[in-house]
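**Q** One file is attached below, entry.cif, containing mmCIF, C-alpha atoms and all ligand atoms.
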data_work
loop_
_atom_site.group_PDB
_atom_site.id
_atom_site.type_symbol
_atom_site.label_atom_id
_atom_site.label_comp_id
_atom_site.auth_asym_id
_atom_site.auth_seq_id
_atom_site.Cartn_x
_atom_site.Cartn_y
_atom_site.Cartn_z
ATOM 1 C CA MET A 18 0.000 0.000 0.000
ATOM 2 C CA THR A 19 1.427 3.403 -0.900
ATOM 3 C CA THR A 20 1.061 6.460 1.215
ATOM 4 C CA PRO A 21 -0.140 9.432 -0.811
ATOM 5 C CA ALA A 22 2.365 12.282 -0.966
ATOM 6 C CA LYS A 23 1.412 15.048 1.388
ATOM 7 C CA GLY A 24 0.687 18.167 -0.640
ATOM 8 C CA PRO A 25 -0.452 21.552 0.604
ATOM 9 C CA ALA A 26 -3.571 21.344 2.755
ATOM 10 C CA LEU A 27 -6.737 21.514 0.714
ATOM 11 C CA GLN A 28 -8.542 24.800 1.112
ATOM 12 C CA ARG A 29 -11.907 23.389 2.078
ATOM 13 C CA ARG A 30 -14.470 26.172 2.145
ATOM 14 C CA TRP A 31 -17.570 25.957 4.262
ATOM 15 C CA VAL A 32 -20.505 27.791 2.759
ATOM 16 C CA LEU A 33 -23.843 28.552 4.337
ATOM 17 C CA GLY A 34 -26.832 28.995 2.018
ATOM 18 C CA LEU A 35 -29.284 31.509 3.445
ATOM 19 C CA THR A 36 -32.812 31.681 2.135
ATOM 20 C CA GLY A 37 -36.339 32.636 3.128
ATOM 21 C CA GLY A 38 -39.539 34.004 1.666
ATOM 22 C CA ILE A 39 -39.873 37.565 0.466
ATOM 23 C CA ALA A 40 -39.519 40.120 3.271
ATOM 24 C CA SER A 41 -38.823 37.362 5.804
ATOM 25 C CA GLY A 42 -35.667 39.201 6.865
ATOM 26 C CA LYS A 43 -32.866 37.639 4.760
ATOM 27 C CA SER A 44 -31.013 40.917 4.185
ATOM 28 C CA THR A 45 -31.418 41.924 7.821
ATOM 29 C CA VAL A 46 -30.017 38.581 8.971
ATOM 30 C CA ALA A 47 -27.213 38.704 6.388
ATOM 31 C CA ALA A 48 -26.201 42.152 7.658
ATOM 32 C CA LEU A 49 -25.993 40.809 11.214
ATOM 33 C CA PHE A 50 -23.657 37.998 10.106
ATOM 34 C CA ALA A 51 -21.613 40.537 8.137
ATOM 35 C CA ARG A 52 -21.243 42.600 11.311
ATOM 36 C CA LEU A 53 -19.688 39.511 12.901
ATOM 37 C CA GLY A 54 -17.072 39.521 10.130
ATOM 38 C CA ILE A 55 -18.579 36.872 7.860
ATOM 39 C CA PRO A 56 -18.359 37.613 4.131
ATOM 40 C CA VAL A 57 -21.804 37.634 2.515
ATOM 41 C CA ILE A 58 -22.809 37.612 -1.142
ATOM 42 C CA ASP A 59 -26.407 38.126 -2.252
ATOM 43 C CA LEU A 60 -27.390 36.437 -5.525
ATOM 44 C CA ASP A 61 -30.085 39.057 -6.235
ATOM 45 C CA GLN A 62 -27.354 41.665 -6.162
ATOM 46 C CA VAL A 63 -25.022 39.533 -8.303
ATOM 47 C CA ALA A 64 -27.822 39.123 -10.856
ATOM 48 C CA ARG A 65 -27.978 42.915 -11.101
ATOM 49 C CA GLU A 66 -24.196 43.313 -11.286
ATOM 50 C CA VAL A 67 -23.751 40.913 -14.201
ATOM 51 C CA VAL A 68 -26.058 43.104 -16.310
ATOM 52 C CA ALA A 69 -24.764 46.473 -15.102
ATOM 53 C CA PRO A 70 -23.811 49.007 -17.817
ATOM 54 C CA GLY A 71 -20.505 47.930 -19.326
ATOM 55 C CA ALA A 72 -21.010 44.240 -18.539
ATOM 56 C CA PRO A 73 -20.553 42.069 -21.677
ATOM 57 C CA LEU A 74 -23.726 40.180 -20.839
ATOM 58 C CA LEU A 75 -25.778 43.353 -21.086
ATOM 59 C CA GLN A 76 -24.630 43.874 -24.683
ATOM 60 C CA GLU A 77 -25.614 40.332 -25.481
ATOM 61 C CA ILE A 78 -29.073 40.850 -23.981
ATOM 62 C CA PHE A 79 -29.594 43.987 -26.087
ATOM 63 C CA GLN A 80 -28.432 42.129 -29.207
ATOM 64 C CA ARG A 81 -30.618 39.105 -28.628
ATOM 65 C CA PHE A 82 -33.719 40.629 -27.117
ATOM 66 C CA GLY A 83 -33.801 44.117 -28.579
ATOM 67 C CA SER A 84 -32.093 47.444 -28.016
ATOM 68 C CA ASP A 85 -35.449 48.881 -26.908
ATOM 69 C CA LEU A 86 -34.586 47.279 -23.550
ATOM 70 C CA ARG A 87 -31.832 49.880 -23.170
ATOM 71 C CA LEU A 88 -32.801 52.847 -21.022
ATOM 72 C CA ALA A 89 -31.435 56.310 -21.799
ATOM 73 C CA ASP A 90 -28.765 55.956 -19.082
ATOM 74 C CA GLY A 91 -27.573 52.624 -20.514
ATOM 75 C CA GLN A 92 -29.228 50.499 -17.829
ATOM 76 C CA LEU A 93 -31.349 47.467 -18.585
ATOM 77 C CA ASP A 94 -35.067 48.241 -18.533
ATOM 78 C CA ARG A 95 -35.932 45.563 -15.969
ATOM 79 C CA ARG A 96 -39.579 46.480 -15.847
ATOM 80 C CA ALA A 97 -40.018 46.023 -19.626
ATOM 81 C CA LEU A 98 -38.028 42.798 -19.535
ATOM 82 C CA ARG A 99 -40.124 41.425 -16.661
ATOM 83 C CA ALA A 100 -43.319 42.278 -18.539
ATOM 84 C CA ARG A 101 -42.074 40.472 -21.653
ATOM 85 C CA MET A 102 -40.920 37.434 -19.691
ATOM 86 C CA PHE A 103 -44.282 37.232 -17.969
ATOM 87 C CA HIS A 104 -45.961 36.635 -21.333
ATOM 88 C CA ASP A 105 -43.213 34.570 -22.937
ATOM 89 C CA ALA A 106 -41.890 31.503 -21.113
ATOM 90 C CA GLY A 107 -39.397 30.810 -23.943
ATOM 91 C CA LEU A 108 -37.842 34.223 -23.495
ATOM 92 C CA ARG A 109 -37.634 33.685 -19.752
ATOM 93 C CA ARG A 110 -35.782 30.399 -20.309
ATOM 94 C CA GLN A 111 -33.353 31.933 -22.786
ATOM 95 C CA LEU A 112 -32.614 34.776 -20.433
ATOM 96 C CA GLU A 113 -32.075 32.420 -17.510
ATOM 97 C CA GLU A 114 -29.692 30.374 -19.663
ATOM 98 C CA LEU A 115 -27.631 33.519 -20.152
ATOM 99 C CA LEU A 116 -27.852 34.817 -16.615
ATOM 100 C CA HIS A 117 -27.308 31.688 -14.538
ATOM 101 C CA PRO A 118 -23.803 30.779 -15.726
ATOM 102 C CA ALA A 119 -22.731 34.412 -15.261
ATOM 103 C CA VAL A 120 -24.142 34.574 -11.732
ATOM 104 C CA ARG A 121 -22.588 31.221 -10.916
ATOM 105 C CA ALA A 122 -19.140 32.185 -12.247
ATOM 106 C CA HIS A 123 -19.188 35.491 -10.366
ATOM 107 C CA THR A 124 -20.177 33.723 -7.143
ATOM 108 C CA GLU A 125 -17.517 31.021 -7.529
ATOM 109 C CA GLN A 126 -14.867 33.690 -8.064
ATOM 110 C CA TRP A 127 -16.060 35.578 -5.016
ATOM 111 C CA LEU A 128 -16.042 32.422 -2.892
ATOM 112 C CA ALA A 129 -12.527 31.544 -3.994
ATOM 113 C CA ALA A 130 -11.278 34.951 -2.840
ATOM 114 C CA ALA A 131 -13.467 35.613 0.199
ATOM 115 C CA PRO A 132 -11.719 35.571 3.579
ATOM 116 C CA GLY A 133 -13.304 34.465 6.841
ATOM 117 C CA PRO A 134 -13.892 31.185 8.655
ATOM 118 C CA TYR A 135 -16.970 30.555 6.500
ATOM 119 C CA GLN A 136 -18.979 32.399 3.851
ATOM 120 C CA ILE A 137 -22.661 33.068 3.311
ATOM 121 C CA VAL A 138 -24.518 33.002 0.007
ATOM 122 C CA VAL A 139 -27.952 34.638 0.217
ATOM 123 C CA ASN A 140 -29.952 32.680 -2.349
ATOM 124 C CA PRO A 141 -33.596 33.817 -2.341
ATOM 125 C CA LEU A 142 -34.515 31.103 -4.877
ATOM 126 C CA LEU A 143 -32.594 28.261 -3.242
ATOM 127 C CA VAL A 144 -35.741 26.153 -2.868
ATOM 128 C CA GLU A 145 -37.380 27.135 -6.174
ATOM 129 C CA LYS A 146 -34.134 26.320 -8.042
ATOM 130 C CA ASN A 147 -33.436 23.188 -6.026
ATOM 131 C CA ALA A 148 -29.946 24.541 -5.291
ATOM 132 C CA GLY A 149 -29.506 23.149 -1.794
ATOM 133 C CA ASP A 150 -26.642 20.807 -2.691
ATOM 134 C CA ARG A 151 -24.344 23.777 -3.414
ATOM 135 C CA TYR A 152 -24.093 24.557 0.285
ATOM 136 C CA ASP A 153 -22.693 22.853 3.349
ATOM 137 C CA ARG A 154 -25.655 23.919 5.407
ATOM 138 C CA ILE A 155 -28.943 25.708 4.812
ATOM 139 C CA LEU A 156 -30.370 28.391 7.045
ATOM 140 C CA VAL A 157 -33.984 29.379 6.442
ATOM 141 C CA VAL A 158 -35.224 32.704 7.786
ATOM 142 C CA ASP A 159 -38.804 32.106 8.721
ATOM 143 C CA CYS A 160 -41.577 34.294 9.963
ATOM 144 C CA ASP A 161 -45.265 34.027 10.434
ATOM 145 C CA PRO A 162 -47.107 34.743 7.126
ATOM 146 C CA ALA A 163 -49.121 37.556 8.722
ATOM 147 C CA GLN A 164 -45.915 39.255 9.847
ATOM 148 C CA GLN A 165 -44.323 38.660 6.445
ATOM 149 C CA ARG A 166 -47.303 40.334 4.760
ATOM 150 C CA ALA A 167 -47.136 43.255 7.164
ATOM 151 C CA ARG A 168 -43.410 43.789 6.542
ATOM 152 C CA LEU A 169 -43.930 43.558 2.795
ATOM 153 C CA ALA A 170 -46.813 46.021 2.890
ATOM 154 C CA ALA A 171 -44.818 48.459 5.032
ATOM 155 C CA ARG A 172 -41.616 48.240 3.012
ATOM 156 C CA ASP A 173 -42.947 48.083 -0.564
ATOM 157 C CA ALA A 174 -46.353 49.717 -0.106
ATOM 158 C CA ALA A 175 -47.859 46.559 -1.658
ATOM 159 C CA ASN A 176 -51.589 45.881 -1.449
ATOM 160 C CA ASP A 177 -53.247 42.570 -0.552
ATOM 161 C CA SER A 178 -53.713 41.258 -4.079
ATOM 162 C CA GLN A 179 -50.125 42.146 -5.057
ATOM 163 C CA ILE A 180 -48.894 40.348 -1.950
ATOM 164 C CA ASP A 181 -51.068 37.295 -2.763
ATOM 165 C CA ALA A 182 -49.578 37.127 -6.265
ATOM 166 C CA ILE A 183 -45.995 37.447 -4.997
ATOM 167 C CA LEU A 184 -46.452 34.753 -2.356
ATOM 168 C CA ALA A 185 -48.221 32.385 -4.788
ATOM 169 C CA ALA A 186 -45.214 32.587 -7.153
ATOM 170 C CA GLN A 187 -42.757 31.562 -4.421
ATOM 171 C CA ALA A 188 -42.055 28.239 -2.738
ATOM 172 C CA SER A 189 -44.338 27.656 0.224
ATOM 173 C CA ARG A 190 -43.266 28.066 3.810
ATOM 174 C CA ALA A 191 -43.545 24.268 4.279
ATOM 175 C CA GLU A 192 -41.324 23.570 1.225
ATOM 176 C CA ARG A 193 -38.670 25.895 2.607
ATOM 177 C CA LEU A 194 -38.757 24.406 6.077
ATOM 178 C CA THR A 195 -38.293 20.926 4.584
ATOM 179 C CA VAL A 196 -34.847 21.804 3.200
ATOM 180 C CA ALA A 197 -33.682 23.745 6.278
ATOM 181 C CA ASP A 198 -30.832 22.524 8.442
ATOM 182 C CA ASP A 199 -31.523 25.464 10.728
ATOM 183 C CA VAL A 200 -34.530 27.735 11.014
ATOM 184 C CA LEU A 201 -34.098 31.278 12.229
ATOM 185 C CA VAL A 202 -37.461 32.518 13.407
ATOM 186 C CA ASN A 203 -37.675 36.258 12.813
ATOM 187 C CA ASP A 204 -40.727 36.982 14.907
ATOM 188 C CA ALA A 205 -39.391 39.469 17.427
ATOM 189 C CA ASP A 206 -37.359 42.675 17.525
ATOM 190 C CA LEU A 207 -33.902 43.232 16.088
ATOM 191 C CA ALA A 208 -32.165 42.648 19.423
ATOM 192 C CA ALA A 209 -33.727 39.173 19.632
ATOM 193 C CA LEU A 210 -32.711 38.484 16.035
ATOM 194 C CA GLU A 211 -29.143 39.567 16.745
ATOM 195 C CA ALA A 212 -28.952 37.201 19.727
ATOM 196 C CA ARG A 213 -30.219 34.291 17.592
ATOM 197 C CA VAL A 214 -27.699 35.112 14.865
ATOM 198 C CA GLY A 215 -24.930 35.134 17.494
ATOM 199 C CA LYS A 216 -25.817 31.594 18.591
ATOM 200 C CA LEU A 217 -25.949 30.293 15.034
ATOM 201 C CA HIS A 218 -22.620 31.988 14.263
ATOM 202 C CA ALA A 219 -20.960 30.193 17.188
ATOM 203 C CA MET A 220 -22.290 26.873 15.877
ATOM 204 C CA TYR A 221 -21.193 27.610 12.289
ATOM 205 C CA LEU A 222 -17.682 28.523 13.444
ATOM 206 C CA GLY A 223 -17.444 25.099 15.048
ATOM 207 C CA LEU A 224 -18.818 23.280 12.009
ATOM 208 C CA ALA A 225 -16.553 25.149 9.578
ATOM 209 C CA GLN A 226 -13.562 24.503 11.805
ATOM 210 C CA SER A 227 -14.180 20.768 12.089
ATOM 211 C CA SER A 228 -14.871 20.496 8.387
ATOM 212 C CA SER A 229 -11.517 22.145 7.533
ATOM 213 C CA THR A 230 -9.733 19.872 10.028
ATOM 214 C CA ILE A 231 -11.214 16.784 8.379
ATOM 215 C CA ALA A 232 -10.324 18.051 4.882
ATOM 216 C CA GLY A 233 -6.783 19.040 5.893
HETATM 217 P P1 LIG B 1 -36.562 40.458 0.104
HETATM 218 O O1 LIG B 1 -37.083 39.074 -0.038
HETATM 219 O O2 LIG B 1 -37.518 41.437 -0.486
HETATM 220 O O3 LIG B 1 -35.164 40.652 -0.393
HETATM 221 P P2 LIG B 1 -35.672 40.145 2.824
HETATM 222 O O4 LIG B 1 -36.069 38.726 3.108
HETATM 223 O O5 LIG B 1 -34.223 40.411 2.562
HETATM 224 O O6 LIG B 1 -36.563 40.782 1.699
HETATM 225 P P3 LIG B 1 -35.566 42.283 4.733
HETATM 226 O O7 LIG B 1 -35.427 43.340 3.690
HETATM 227 O O8 LIG B 1 -34.358 41.941 5.562
HETATM 228 O O9 LIG B 1 -36.178 40.959 4.095
HETATM 229 O O10 LIG B 1 -36.742 42.615 5.754
HETATM 230 C C1 LIG B 1 -38.018 43.041 5.264
HETATM 231 C C2 LIG B 1 -38.456 44.290 6.025
HETATM 232 O O11 LIG B 1 -38.744 43.931 7.375
HETATM 233 C C3 LIG B 1 -37.375 45.356 6.089
HETATM 234 O O12 LIG B 1 -37.995 46.607 6.029
HETATM 235 C C4 LIG B 1 -36.715 45.118 7.450
HETATM 236 O O13 LIG B 1 -36.150 46.294 7.985
HETATM 237 C C5 LIG B 1 -37.903 44.640 8.291
HETATM 238 N N1 LIG B 1 -37.498 43.674 9.330
HETATM 239 C C6 LIG B 1 -36.923 42.469 9.163
HETATM 240 N N2 LIG B 1 -36.757 41.857 10.346
HETATM 241 C C7 LIG B 1 -37.223 42.687 11.283
HETATM 242 C C8 LIG B 1 -37.345 42.617 12.720
HETATM 243 N N3 LIG B 1 -36.930 41.545 13.407
HETATM 244 N N4 LIG B 1 -37.893 43.680 13.356
HETATM 245 C C9 LIG B 1 -38.323 44.739 12.653
HETATM 246 N N5 LIG B 1 -38.267 44.879 11.313
HETATM 247 C C10 LIG B 1 -37.713 43.861 10.631
#
So that I can check it, write out the structure of this file as structure tokens.

**A**
Amino acid sequence: MTTPAKGPALQRRWVLGLTGGIASGKSTVAALFARLGIPVIDLDQVAREVVAPGAPLLQEIFQRFGSDLRLADGQLDRRALRARMFHDAGLRRQLEELLHPAVRAHTEQWLAAAPGPYQIVVNPLLVEKNAGDRYDRILVVDCDPAQQRARLAARDAANDSQIDAILAAQASRAERLTVADDVLVNDADLAALEARVGKLHAMYLGLAQSSSTIAG
């Protein structure tokens, strides 16, 4: 039996996937982890960055789907694009085929360079896209639907029927809870949330540490 040559220790990264329904508190929770020094990337934000003015992908979108999607300031007219995608499932698929590899590549690059004992990817569509296996552990931010509706109404000035439509298009609360390794209930004030994040952070430090020890 030969003993494998000992090379440099493998850089095993430990990545937490953070998800939750709309207005459940994902960004608030992510900001609390960031305050504890944990690097966080938000896939909604990445999806905007990969089509920012100057990004090669934006040129491709204008070429393939029409330069009328270009606003006067060079930005993508997201509202017009959303309206077109709503009526055209083929267009939605084509656009996703362009966007997803770009978002994925950007995220992989970020993860390769991000410091910290572990990293967090905020993936609002983790359940809808069945993306759970990309992460070492999944944290679901959960709140009572009535509270979720109230937060959504307060933040986005959305009315009841708009809120119904948004919630119907998302994974259900039960579907999300099924994939969760941990559930962070966001049903109290920010101080309570911060305390819960602190406890999870302590646990994640331990898990990331033992995972890197095993890999090394
Ligand atoms: P989205 O799905 O739209 O990206 P999100 O899940 O990131 O939303 P947040 O933006 O973090 O949710 O929170 C939704 C709203 O609720 C925000 O206005 C936020 O300030 C407020 N909020 C979240 N948690 C709490 C809390 N524990 N106490 C008070 N307000 C809160």

**Q** Any residue with an atom at most 9 Å from ligand LIG 1 (chain B) counts, using all atoms listed in the file. Which are they? Put them as JSON, numbers by chain.

**A** {"A": [36, 37, 38, 39, 40, 41, 42, 43, 44, 45, 46, 47, 48, 61, 139, 141, 158, 160, 164, 165, 167, 168, 169, 171, 172, 173, 203, 204, 205, 206, 207, 208, 209, 210, 211]}

**Q** Please provide as a ChimeraX atom specification all residues within 8 Å of range 73-84 of chain A, with the sequence filter that same-chain residues fewer than 6 positions apart are discarded (counting all atoms listed in the file).

**A** /A:67,93,112,115-116

**Q** Would you export the selected residues with C-alpha atoms as a PDB file, in the frame of the given file, please?

**A**
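Contents of again_18.pdb, freshly written:
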ATOM      1  CA  VAL A  67     -23.751  40.913 -14.201  1.00  0.00           C
ATOM      2  CA  LEU A  93     -31.349  47.467 -18.585  1.00  0.00           C
ATOM      3  CA  LEU A 112     -32.614  34.776 -20.433  1.00  0.00           C
ATOM      4  CA  LEU A 115     -27.631  33.519 -20.152  1.00  0.00           C
ATOM      5  CA  LEU A 116     -27.852  34.817 -16.615  1.00  0.00           C
TER       6      LEU A 116
END

**Q** Compile the contact shell of Thr195 in chain A as a ChimeraX atom specification: residues with an atom at most 12 Å away, counting only C-alpha atoms, same-chain residues fewer than 3 positions apart removed.

**A** /A:37,144,147,149,155-157,159,188-192,198-200

**Q** Tell me which residues the PyMOL selection byres (((chain A and resi 51) around 12) and not hetatm) grabs here, as a PDB file with C-alpha atoms, in the frame of the given file.

**A**
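Generated file (result_12.pdb):
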ATOM      1  CA  SER A  44     -31.013  40.917   4.185  1.00  0.00           C
ATOM      2  CA  THR A  45     -31.418  41.924   7.821  1.00  0.00           C
ATOM      3  CA  VAL A  46     -30.017  38.581   8.971  1.00  0.00           C
ATOM      4  CA  ALA A  47     -27.213  38.704   6.388  1.00  0.00           C
ATOM      5  CA  ALA A  48     -26.201  42.152   7.658  1.00  0.00           C
ATOM      6  CA  LEU A  49     -25.993  40.809  11.214  1.00  0.00           C
ATOM      7  CA  PHE A  50     -23.657  37.998  10.106  1.00  0.00           C
ATOM      8  CA  ARG A  52     -21.243  42.600  11.311  1.00  0.00           C
ATOM      9  CA  LEU A  53     -19.688  39.511  12.901  1.00  0.00           C
ATOM     10  CA  GLY A  54     -17.072  39.521  10.130  1.00  0.00           C
ATOM     11  CA  ILE A  55     -18.579  36.872   7.860  1.00  0.00           C
ATOM     12  CA  PRO A  56     -18.359  37.613   4.131  1.00  0.00           C
ATOM     13  CA  VAL A  57     -21.804  37.634   2.515  1.00  0.00           C
ATOM     14  CA  ILE A  58     -22.809  37.612  -1.142  1.00  0.00           C
ATOM     15  CA  ASP A  59     -26.407  38.126  -2.252  1.00  0.00           C
ATOM     16  CA  PRO A 132     -11.719  35.571   3.579  1.00  0.00           C
ATOM     17  CA  GLY A 133     -13.304  34.465   6.841  1.00  0.00           C
ATOM     18  CA  TYR A 135     -16.970  30.555   6.500  1.00  0.00           C
ATOM     19  CA  GLN A 136     -18.979  32.399   3.851  1.00  0.00           C
ATOM     20  CA  ILE A 137     -22.661  33.068   3.311  1.00  0.00           C
ATOM     21  CA  VAL A 138     -24.518  33.002   0.007  1.00  0.00           C
ATOM     22  CA  VAL A 139     -27.952  34.638   0.217  1.00  0.00           C
ATOM     23  CA  GLU A 211     -29.143  39.567  16.745  1.00  0.00           C
ATOM     24  CA  VAL A 214     -27.699  35.112  14.865  1.00  0.00           C
ATOM     25  CA  GLY A 215     -24.930  35.134  17.494  1.00  0.00           C
ATOM     26  CA  HIS A 218     -22.620  31.988  14.263  1.00  0.00           C
TER      27      HIS A 218
END

**Q** Around all of range 70-73 of chain A's listed atoms, make the axis-aligned box with 8 Å on each side and tell me centre and edge lengths in Å to one decimal, as AutoDock Vina command-line options.

**A**
--center_x -22.2 --center_y 45.5 --center_z -19.7 --size_x 19.3 --size_y 22.9 --size_z 19.9

**Q** Suppose a student applies the PyMOL selection byres (((chain A and resi 31) around 7) and not hetatm) to this structure; what residues should they get, written as an MDAnalysis selection string?

**A** chainID A and resid 29:30 32:33 135:136 153 225

**Q** Using only C-alpha atoms, which of the listed residues (A:Arg87, A:Arg96, A:Arg154, A:Arg166) sits closest to Ser228 in chain A?

**A**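 Distance minimum relative to Ser228 in chain A lands on A:Arg154.
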
**Q** Would you mind reading off the distance between CA of Gln179 in chain A and CA of Arg99 in chain A, one decimal, in Å?

**A**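 Computing the Euclidean distance for CA of Gln179 in chain A and CA of Arg99 in chain A yields 15.3 Å.
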
**Q** Between A:Arg65, A:Arg213, A:Lys146, A:His104, which has the minimum distance to Gln187 in chain A (counting only C-alpha atoms)?

**A**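 The shortest atom-to-atom distance to Gln187 in chain A comes from A:Lys146.
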
**Q** Have a look at A:Glu145, A:Asp181, A:Asp150, A:Glu113 and name the one nearest to Pro162 in chain A; count all atoms listed in the file.

**A** A:Asp181

**Q** Smallest atom-to-atom distance to Ser229 in chain A: which of A:Arg109, A:Pro134, A:Thr124, A:Asp177, using all atoms listed in the file?

**A**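 With all atoms listed in the file as the atom set, the closest residue is A:Pro134.
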
**Q** How many Å lie between CA of Lys216 in chain A and CA of Leu35 in chain A, rounded to one decimal?

**A**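 CA of Leu35 in chain A lies 15.5 Å from CA of Lys216 in chain A.
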